[in-house]
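> One structure coming up, written as structure tokens, with questions to follow.
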Amino acid sequence: MRVITKIHEMQTEMKKLKSQSKSIGFVPTMGFLHEGHLTLIKKARQDNDVVVLSIFVNPLQFGPTEDFSTYPRDFSRDKSLAECKGVDILFYPSAEEMYPQPTSVKIIVQERTDVLCGKSRPGHFDGVAAVLTKLFNIVMPTRAYFGKKDAQQVAVVEGLISDFNFPIELIPVDIVREEDGLAKSSRNVNLLPEERVQATALYHSLIAAKAEIDKGVRNPNTIKTLVTNMIASETKGEIDYVEVYSYPQLKTVETLSGTIIIALAVKFSKVRLIDNFIIEVEA
């Protein structure tokens, strides 16, 4: 595995690979890799001639109350994991390399950001879109891989690729779950033992919601109430949100039809968990 830290060197290498008609799978991350990231790498490895992983903690997507300096970092561990999973090129630029001076152009994401997690993180997805625009132009991938667990991010990236005509295929990858259904996350270790047991209610509530939709329920408020009541009765967590929207548009719907997302966030004592189901609903 080759580690590249300079933009010019990375672009030169990518141009060479593309001239050889190599397909390039790209997994952008902020490091501190977990099983979700490794699943993306595995999928990229299956689909492409070359796999590129980027590790860059992007300062533009941190709000004023979010501490960029304390974001977890462990490059030596990440490098070892990436190499073991078959990454060919690890792009590891510094902040100074990515942002040598204040940017003269700002990207503002106007849709799909004022709901779910984005509602409490104004400007976050502007930073995500800015760094991905740079990374897409540096790596020039054939395909880019993102996890469905952060379904709002996937929706924003879909809009970015479509609006700016990037010649990139977006590959959303299914949520990786524990045997009991809990969505895997590095944050799960912060659950207290009793909270870990309770947290399975998030997945079970989504399963119950899908079952009701399969039976013919088409009222989104009915689904929201069912999920909310299950989580409230089976956990001591504080519900941040339970929402039902069209997907990837993330718009309110009066009747369930087409592709929809049921998304939730629940705060436990030391951790906030998110989960979702993306479902195709017949009219």
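Chain labels follow the order of the structure tokens: the first chain is A, the next B, and so on; residue numbering restarts at 1 in every chain, and ligands are counted from 1 in their shown order.
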Tell me which protein, DNA and RNA residues are within 7 Å of Ile107 (chain A), counting only C-alpha atoms, leaving out same-chain ones fewer than 6 positions away, and put them as a ChimeraX atom specification.
/A:126,129-130
> Skipping near chain neighbours, those fewer than 4 positions away, what residues fall within 6 Å of region 35-49 of chain A using only C-alpha atoms, listed as a PyMOL selection string?
chain A and resi 22-25
> Take the selection from the previous step and output its residues with C-alpha atoms, as a PDB file, in the first residue's frame.

ATOM      1  CA  LYS A  22      -8.222   1.276 -14.249  1.00  0.00           C
ATOM      2  CA  SER A  23     -11.442   1.590 -12.275  1.00  0.00           C
ATOM      3  CA  ILE A  24     -10.946   3.479  -9.007  1.00  0.00           C
ATOM      4  CA  GLY A  25     -13.037   2.891  -5.896  1.00  0.00           C
TER       5      GLY A  25
END
> Report the distance between CA of Leu182 (chain A) and CA of Val271 (chain A) in Å, rounded to one decimal place.
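Computing it gives 13.8 Å between the two atoms.
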> Return the single residue from A:Glu179, A:Glu282, A:Glu83, A:Asp67 that is closest to Lys215 (chain A), with distances computed using only C-alpha atoms.
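Closest to Lys215 (chain A), using only C-alpha atoms: A:Glu282.
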> Pick the closest to Val197 (chain A) from A:Lys148, A:Tyr241, A:Phe268, A:Thr228: which is it, counting only C-alpha atoms?
A:Phe268
> Please provide as a count of residues only all residues within 8 Å of Met1 (chain A), with the sequence filter that same-chain residues fewer than 6 positions apart are discarded (counting only C-alpha atoms).
6
> For Thr252 (chain A), which residue among A:Asn219, A:Ser269, A:Thr200, A:Asn276 is the nearest when counting only C-alpha atoms?
A:Asn219
